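Listing of entry07.cif; format and content: mmCIF, C-alpha atoms.
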data_target
loop_
_atom_site.label_atom_id
_atom_site.label_comp_id
_atom_site.auth_asym_id
_atom_site.auth_seq_id
_atom_site.Cartn_x
_atom_site.Cartn_y
_atom_site.Cartn_z
CA MET A 29 -138.69 15.24 54.77
CA LEU A 30 -139.84 14.61 51.21
CA ARG A 31 -143.50 13.63 51.09
CA CYS A 32 -144.44 11.88 47.84
CA SER A 33 -147.52 10.43 46.18
CA HIS A 34 -147.51 7.79 43.44
CA PHE A 35 -150.17 7.63 40.75
CA PRO A 36 -149.64 4.25 39.05
CA ALA A 37 -150.00 3.95 35.30
CA ARG A 38 -153.31 2.33 34.40
CA SER A 39 -151.73 0.59 31.41
CA LYS A 40 -148.17 -0.18 30.34
CA ALA A 41 -146.17 2.89 31.33
CA LYS A 42 -144.53 4.93 28.58
CA SER A 43 -142.61 7.23 30.92
CA LEU A 44 -142.25 8.61 34.43
CA ILE A 45 -143.61 12.13 35.01
CA VAL A 46 -142.44 13.94 38.16
CA ILE A 47 -144.49 17.01 39.15
CA ALA A 48 -142.89 19.90 41.05
CA HIS A 49 -145.17 22.43 42.78
CA GLY A 50 -144.47 26.14 42.99
CA PHE A 51 -143.94 28.88 45.58
CA LYS A 52 -146.61 28.63 48.31
CA GLY A 53 -147.75 25.38 46.68
CA PHE A 54 -147.66 21.70 47.64
CA LYS A 55 -148.37 18.34 46.05
CA ASP A 56 -151.95 18.14 47.31
CA TRP A 57 -152.85 21.71 46.32
CA GLY A 58 -155.98 21.99 44.20
CA MET A 59 -155.31 20.69 40.71
CA PHE A 60 -152.22 18.56 41.33
CA PRO A 61 -153.83 15.28 42.47
CA TYR A 62 -156.38 15.51 39.66
CA ALA A 63 -153.72 16.35 37.08
CA ALA A 64 -151.50 13.50 38.25
CA ALA A 65 -154.38 11.03 38.05
CA GLU A 66 -155.26 12.19 34.52
CA LEU A 67 -151.66 11.92 33.34
CA SER A 68 -151.33 8.41 34.78
CA ALA A 69 -153.41 6.72 32.08
CA GLU A 70 -150.19 5.71 30.30
CA HIS A 71 -147.49 7.13 32.57
CA GLU A 72 -146.19 6.60 36.07
CA VAL A 73 -146.64 9.89 37.93
CA ILE A 74 -144.96 11.10 41.12
CA THR A 75 -145.92 14.26 43.00
CA PHE A 76 -143.88 15.50 45.95
CA ASN A 77 -143.48 18.29 48.47
CA PHE A 78 -140.16 20.03 48.65
CA SER A 79 -138.73 19.34 52.10
CA HIS A 80 -139.01 23.01 53.12
CA ALA A 81 -142.26 23.87 51.33
CA GLY A 82 -143.82 24.80 54.68
CA ILE A 83 -146.77 22.42 54.49
CA GLY A 84 -147.33 19.67 57.04
CA GLU A 85 -150.29 17.40 57.69
CA ASP A 86 -152.76 20.30 57.55
CA LEU A 87 -153.55 20.79 53.87
CA LEU A 88 -155.31 24.12 54.33
CA ASN A 89 -152.68 26.10 56.25
CA PHE A 90 -148.90 26.15 56.32
CA THR A 91 -147.64 24.82 59.66
CA GLU A 92 -143.89 24.60 58.98
CA LEU A 93 -143.19 28.27 58.37
CA GLU A 94 -139.66 28.18 59.80
CA LYS A 95 -138.75 25.67 57.10
CA PHE A 96 -140.44 27.80 54.43
CA ALA A 97 -138.32 30.75 55.56
CA ARG A 98 -135.15 28.86 54.56
CA ASN A 99 -136.31 27.13 51.38
CA THR A 100 -133.53 28.04 48.95
CA TYR A 101 -133.21 26.90 45.35
CA SER A 102 -130.07 25.02 46.39
CA ARG A 103 -132.19 23.04 48.84
CA GLU A 104 -134.93 22.40 46.28
CA ILE A 105 -132.48 21.11 43.68
CA ARG A 106 -130.91 18.87 46.32
CA ASP A 107 -134.40 17.55 47.15
CA MET A 108 -134.92 16.72 43.47
CA GLU A 109 -131.53 15.02 43.27
CA ILE A 110 -132.42 12.79 46.22
CA LEU A 111 -135.84 11.94 44.81
CA LEU A 112 -134.75 11.32 41.23
CA SER A 113 -131.73 9.29 42.31
CA TYR A 114 -134.05 7.04 44.29
CA LEU A 115 -136.50 6.73 41.40
CA SER A 116 -133.71 5.91 38.94
CA GLN A 117 -132.77 2.88 41.05
CA HIS A 118 -136.34 1.72 41.62
CA PRO A 119 -137.29 -1.47 39.73
CA LYS A 120 -140.62 -0.01 38.63
CA PHE A 121 -139.34 3.37 37.43
CA GLY A 122 -135.64 3.06 36.70
CA ALA A 123 -135.87 2.12 33.02
CA LEU A 124 -138.50 4.73 32.10
CA PRO A 125 -137.78 8.06 30.35
CA VAL A 126 -138.21 10.88 32.89
CA PHE A 127 -140.20 14.06 32.24
CA LEU A 128 -140.33 16.94 34.70
CA LEU A 129 -143.52 18.99 34.97
CA GLY A 130 -143.17 22.15 37.04
CA HIS A 131 -145.73 24.79 37.95
CA SER A 132 -144.66 28.40 38.54
CA ARG A 133 -141.45 28.36 40.64
CA GLY A 134 -141.42 24.59 40.11
CA GLY A 135 -141.05 25.23 36.38
CA GLY A 136 -137.85 27.13 37.10
CA ASP A 137 -136.65 24.31 39.35
CA CYS A 138 -137.25 21.79 36.57
CA LEU A 139 -135.31 23.82 34.02
CA LEU A 140 -132.43 24.25 36.46
CA TYR A 141 -132.40 20.55 37.33
CA ALA A 142 -132.36 19.52 33.66
CA LEU A 143 -129.54 21.99 32.95
CA GLU A 144 -127.46 20.43 35.69
CA HIS A 145 -128.26 16.81 34.83
CA PRO A 146 -127.79 16.58 31.05
CA GLY A 147 -128.93 13.34 29.56
CA GLU A 148 -131.01 12.39 32.59
CA ILE A 149 -134.24 14.19 31.64
CA ALA A 150 -136.26 13.41 28.51
CA GLY A 151 -138.10 16.73 28.60
CA VAL A 152 -139.43 19.59 30.72
CA ILE A 153 -143.02 20.82 30.77
CA SER A 154 -143.38 24.27 32.34
CA TRP A 155 -146.88 25.28 33.45
CA ASN A 156 -146.93 29.05 33.95
CA GLY A 157 -143.31 28.71 34.96
CA VAL A 158 -140.71 31.25 36.02
CA THR A 159 -137.62 31.99 33.97
CA ASN A 160 -136.25 34.50 36.51
CA LEU A 161 -135.64 32.78 39.84
CA ASP A 162 -135.56 36.06 41.79
CA LEU A 163 -139.14 36.34 43.09
CA PHE A 164 -138.56 39.05 45.71
CA ASN A 165 -139.36 42.75 45.50
CA GLU A 166 -137.01 45.50 46.65
CA GLY A 167 -138.81 45.97 49.98
CA GLN A 168 -138.46 42.29 50.81
CA LYS A 169 -134.78 42.35 49.89
CA ARG A 170 -134.19 45.41 52.05
CA ASP A 171 -135.86 43.74 55.04
CA MET A 172 -133.87 40.56 54.52
CA ARG A 173 -130.61 42.50 54.43
CA GLU A 174 -131.38 44.88 57.29
CA LYS A 175 -133.56 42.78 59.58
CA GLY A 176 -132.67 39.24 58.56
CA ARG A 177 -136.27 38.42 57.66
CA SER A 178 -139.09 39.63 55.44
CA HIS A 179 -142.55 38.23 54.71
CA VAL A 180 -144.81 37.39 51.81
CA LEU A 181 -148.60 37.26 52.11
CA ASN A 182 -150.39 34.04 51.26
CA GLY A 183 -153.55 35.40 49.71
CA ARG A 184 -155.45 32.15 50.23
CA THR A 185 -154.66 31.55 53.91
CA GLY A 186 -153.95 35.11 55.01
CA GLN A 187 -150.66 33.97 56.53
CA GLN A 188 -147.60 36.23 56.49
CA MET A 189 -144.99 33.71 55.40
CA PRO A 190 -141.41 34.42 56.53
CA LEU A 191 -138.47 34.88 54.17
CA ASP A 192 -135.03 34.71 55.77
CA ALA A 193 -131.86 36.37 54.51
CA VAL A 194 -130.46 32.97 53.53
CA LEU A 195 -132.81 33.05 50.51
CA LEU A 196 -131.26 36.25 49.22
CA ASP A 197 -127.77 35.00 50.04
CA ASP A 198 -128.43 31.89 47.95
CA LEU A 199 -129.65 33.93 44.98
CA GLU A 200 -126.66 36.25 45.08
CA ARG A 201 -124.05 33.56 45.70
CA HIS A 202 -125.32 31.49 42.77
CA ALA A 203 -126.29 34.31 40.39
CA ALA A 204 -124.60 32.73 37.37
CA ARG A 205 -125.95 29.28 38.18
CA TYR A 206 -129.49 30.65 38.47
CA ASN A 207 -129.39 32.71 35.27
CA LEU A 208 -131.78 30.46 33.39
CA LEU A 209 -132.12 32.66 30.32
CA GLU A 210 -128.37 32.73 29.74
CA ARG A 211 -127.89 29.02 30.44
CA MET A 212 -130.84 27.92 28.30
CA LYS A 213 -129.20 29.41 25.20
CA ASP A 214 -127.00 26.32 24.90
CA ALA A 215 -129.34 23.68 26.35
CA HIS A 216 -130.47 20.75 24.21
CA PHE A 217 -133.21 18.98 26.17
CA PRO A 218 -136.82 19.34 24.92
CA VAL A 219 -138.96 21.99 26.63
CA ILE A 220 -142.52 23.25 26.24
CA LEU A 221 -144.02 26.33 27.91
CA ILE A 222 -147.74 26.00 28.61
CA GLN A 223 -149.17 29.26 29.89
CA GLY A 224 -152.50 30.93 30.51
CA SER A 225 -153.20 34.12 28.56
CA GLU A 226 -154.19 35.73 31.89
CA ASP A 227 -151.08 34.64 33.78
CA GLY A 228 -149.01 37.35 35.51
CA ASP A 229 -147.31 39.90 33.26
CA HIS A 230 -143.87 39.22 34.74
CA LEU A 231 -144.17 35.49 34.03
CA ARG A 232 -145.41 36.10 30.50
CA ARG A 233 -142.51 38.49 29.87
CA GLY A 234 -140.13 35.79 31.04
CA SER A 235 -141.62 33.28 28.61
CA ALA A 236 -141.32 35.83 25.80
CA GLN A 237 -137.65 36.37 26.67
CA LEU A 238 -136.88 32.65 26.72
CA THR A 239 -138.62 31.92 23.43
CA ALA A 240 -136.91 34.92 21.81
CA LEU A 241 -133.58 33.35 22.74
CA ARG A 242 -134.78 29.84 21.87
CA PRO A 243 -137.39 30.01 19.06
CA ASP A 244 -137.40 26.21 18.93
CA ILE A 245 -139.15 26.06 22.33
CA PRO A 246 -142.92 26.04 21.83
CA TRP A 247 -144.86 28.59 23.92
CA VAL A 248 -148.49 27.53 23.92
CA GLN A 249 -150.86 30.10 25.40
CA ILE A 250 -154.24 28.94 26.68
CA PRO A 251 -156.99 31.54 26.21
CA GLY A 252 -158.57 32.60 29.51
CA GLY A 253 -156.14 30.61 31.63
CA ASN A 254 -154.86 32.26 34.81
CA HIS A 255 -151.88 31.19 36.92
CA THR A 256 -153.60 27.96 38.01
CA PHE A 257 -155.67 27.43 34.85
CA GLY A 258 -158.77 28.34 36.84
CA ALA A 259 -158.25 25.66 39.50
CA LYS A 260 -158.67 26.47 43.19
CA HIS A 261 -157.82 24.94 46.54
CA PRO A 262 -159.63 23.01 47.85
CA PHE A 263 -160.23 21.55 44.39
CA ALA A 264 -163.67 22.49 43.06
CA GLY A 265 -163.43 20.59 39.78
CA THR A 266 -161.56 20.85 36.54
CA THR A 267 -161.73 23.68 34.01
CA PRO A 268 -161.45 23.85 30.21
CA GLN A 269 -158.07 25.56 30.60
CA LEU A 270 -156.72 22.83 32.87
CA GLU A 271 -157.96 20.15 30.48
CA GLU A 272 -156.16 21.89 27.62
CA ALA A 273 -152.94 22.06 29.66
CA LEU A 274 -153.18 18.33 30.35
CA GLU A 275 -153.83 17.49 26.69
CA LEU A 276 -150.91 19.66 25.55
CA THR A 277 -148.69 17.95 28.13
CA LEU A 278 -149.57 14.47 26.90
CA GLN A 279 -149.08 15.50 23.27
CA PHE A 280 -145.62 16.85 24.09
CA VAL A 281 -144.60 13.70 25.95
CA ASP A 282 -145.86 11.46 23.14
CA ARG A 283 -144.02 13.55 20.52
CA ILE A 284 -140.72 13.41 22.37
CA LEU A 285 -141.03 9.69 22.95
CA ALA A 286 -141.84 9.10 19.27
CA GLU A 287 -138.87 11.22 18.16
CA SER A 288 -136.60 9.35 20.53
CA ALA A 289 -137.80 5.97 19.25
CA ALA A 290 -137.26 7.05 15.65
CA SER A 291 -133.72 8.33 16.18
#
Produce C-alpha cells that represent the structure in this file.
Amino acid sequence: MLRCSHFPARSKAKSLIVIAHGFKGFKDWGMFPYAAAELSAEHEVITFNFSHAGIGEDLLNFTELEKFARNTYSREIRDMEILLSYLSQHPKFGALPVFLLGHSRGGGDCLLYALEHPGEIAGVISWNGVTNLDLFNEGQKRDMREKGRSHVLNGRTGQQMPLDAVLLDDLERHAARYNLLERMKDAHFPVILIQGSEDGDHLRRGSAQLTALRPDIPWVQIPGGNHTFGAKHPFAGTTPQLEEALELTLQFVDRILAESAAS
C-alpha cells in the first residue's frame, strides 16, 4: 500500500514536487515533513512511502520487515508509476509541471524514473543521492546467494533488517537498465545534485563520476552537511545545511520553470 501525504500550495501552485525517501527511510522521517511544508509555499508537494519500505503505523520502528526484505527497484519504480499516473489525472495536479526530489536511494529512483518516462518529468533534484543502485557489500551478496537472506543494521533502531535474494536477482537481471551512469550520458531532462560535504565517500564519488560524464549537471556541495543535512529522527529542528538544500531546490525549480516559459 502506498501511503501519501499532501502539502497544499499556500499560493497559486507553480509545480508539483514529489519527494521520494531513501533506503531505511520513510515519508515521515525527520526532515521530510518539514521540507515538504517549506517547499509548499508556491508548489504542491506530495510525500509517499514506497509500498515495501518496511514502515507501518509505528514511526519509530520498522514493523513490516518481510516487505522490506523484498523491496526491489522494479517494485519501487512500479510504485512511482502508479502514484504519478494517478497524480497526472488528478484535477488539482494534472496540469502542473512535475519535479522529483529524491534523497539517497530515492535520488537514484528519481533518475531511473525520469530516464524511463521521457517528457513526463520537468526536473530531478537529488539530495545526497546514489548513482550506483547496488548498495550491498560482498558479504551480504554471499549470504543472499547461499542462504537466501542477508541483513543490514538500522543504526537508529538497532534492527537487523532482512534482505532477500530477490533483491540481488533484480539487480543482476536488470543490470543494463540500472546502469545510471551509462544511461545518463544521453539523458536530456534537467538535474541538480545537492550534497553535503560530509556525505559518504561512496556517494560523493558517484556524484563526481556523474558530473564528469555530464558537466552540465550542477553539483552543489553544502559545507558541513552530512547525509541528512544534520537532521535527525524524530525531528529536532532545522539546520543551516537543510535550509541551504531547500533554497537551492527552490532556485533550481524556479530556473527550470523560467527557462521552459521562455522557450
(message) To one decimal place in Å, what is the distance between CA of Met189 (chain A) and CA of Gly228 (chain A)?
(response)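 Pair CA of Met189 (chain A) / CA of Gly228 (chain A) returns 20.6 Å.
Remark: for Leu195 (chain A), the closest of the candidate residues A:Ser79, A:Ser33, A:Gln279, A:Ser178 is A:Ser178 (distances computed over all atoms listed in the file).
Neighbours of region 197-206 of chain A closer than or equal to 9 Å, with all atoms listed in the file counted and sequence neighbours fewer than 2 positions away skipped, come out as Thr100, Tyr101, Ser102, Leu140, Asn160, Leu161, Asp162, Ala193, Val194, Leu195, Leu208, Leu209, Glu210 and Arg211 of chain A.
Separating CA of Trp247 (chain A) from CA of Ile222 (chain A) is a distance of 6.1 Å.
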(message) Going by the chain IDs and residue numbers used in this file, which residues fall under the PyMOL selection byres ((chain A and resi 274) around 12)? Write them as a PyMOL selection string.
(response) chain A and resi 59-60+62-69+129+153-155+222-223+250+257+266-273+275-281
(message) Env of Gly84 (chain A): 12 Å cut, atoms = only C-alpha atoms, seq-sep filter 3 positions within chain, self excluded. Answer as an MDAnalysis selection string.
(response) chainID A and resid 29:31 53:56 77:81 87:96
(request) Please indicate the distance in Å from CA of Lys40 (chain A) to CA of Glu70 (chain A), rounded to one decimal place. (result)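 CA of Glu70 (chain A) lies at a distance of 6.2 Å from CA of Lys40 (chain A).
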(request) Would you mind telling me which residue in A:His179, A:Arg242, A:Arg184, A:Lys120 lies nearest to Phe164 (chain A) when using all atoms listed in the file? (result)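 Ranked by minimum distance to Phe164 (chain A), first place goes to A:His179.
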(request) Given the file shown, determine the residues that the PyMOL selection byres ((chain A and resi 215) around 10) selects; report them as a PyMOL selection string. (result) chain A and resi 139+142-143+146+210-214+216-219+242
Residues within 12 Å of (-135.0, 4.4, 28.3), file coords, only C-alpha atoms, listed as a tab-separated table (two decimals) with C-alpha atoms, keeping the file's coordinate frame:
chain	number	residue	atom	x	y	z
A	41	ALA	CA	-146.17	2.89	31.33
A	42	LYS	CA	-144.53	4.93	28.58
A	43	SER	CA	-142.61	7.23	30.92
A	44	LEU	CA	-142.25	8.61	34.43
A	116	SER	CA	-133.71	5.91	38.94
A	121	PHE	CA	-139.34	3.37	37.43
A	122	GLY	CA	-135.64	3.06	36.70
A	123	ALA	CA	-135.87	2.12	33.02
A	124	LEU	CA	-138.50	4.73	32.10
A	125	PRO	CA	-137.78	8.06	30.35
A	126	VAL	CA	-138.21	10.88	32.89
A	127	PHE	CA	-140.20	14.06	32.24
A	147	GLY	CA	-128.93	13.34	29.56
A	148	GLU	CA	-131.01	12.39	32.59
A	149	ILE	CA	-134.24	14.19	31.64
A	150	ALA	CA	-136.26	13.41	28.51
A	285	LEU	CA	-141.03	9.69	22.95
A	288	SER	CA	-136.60	9.35	20.53
A	289	ALA	CA	-137.80	5.97	19.25
(request) Please write the residues picked by the PyMOL selection byres ((chain A and resi 172) around 10) on this file as an MDAnalysis selection string. (result) chainID A and resid 166:171 173:179 190:197
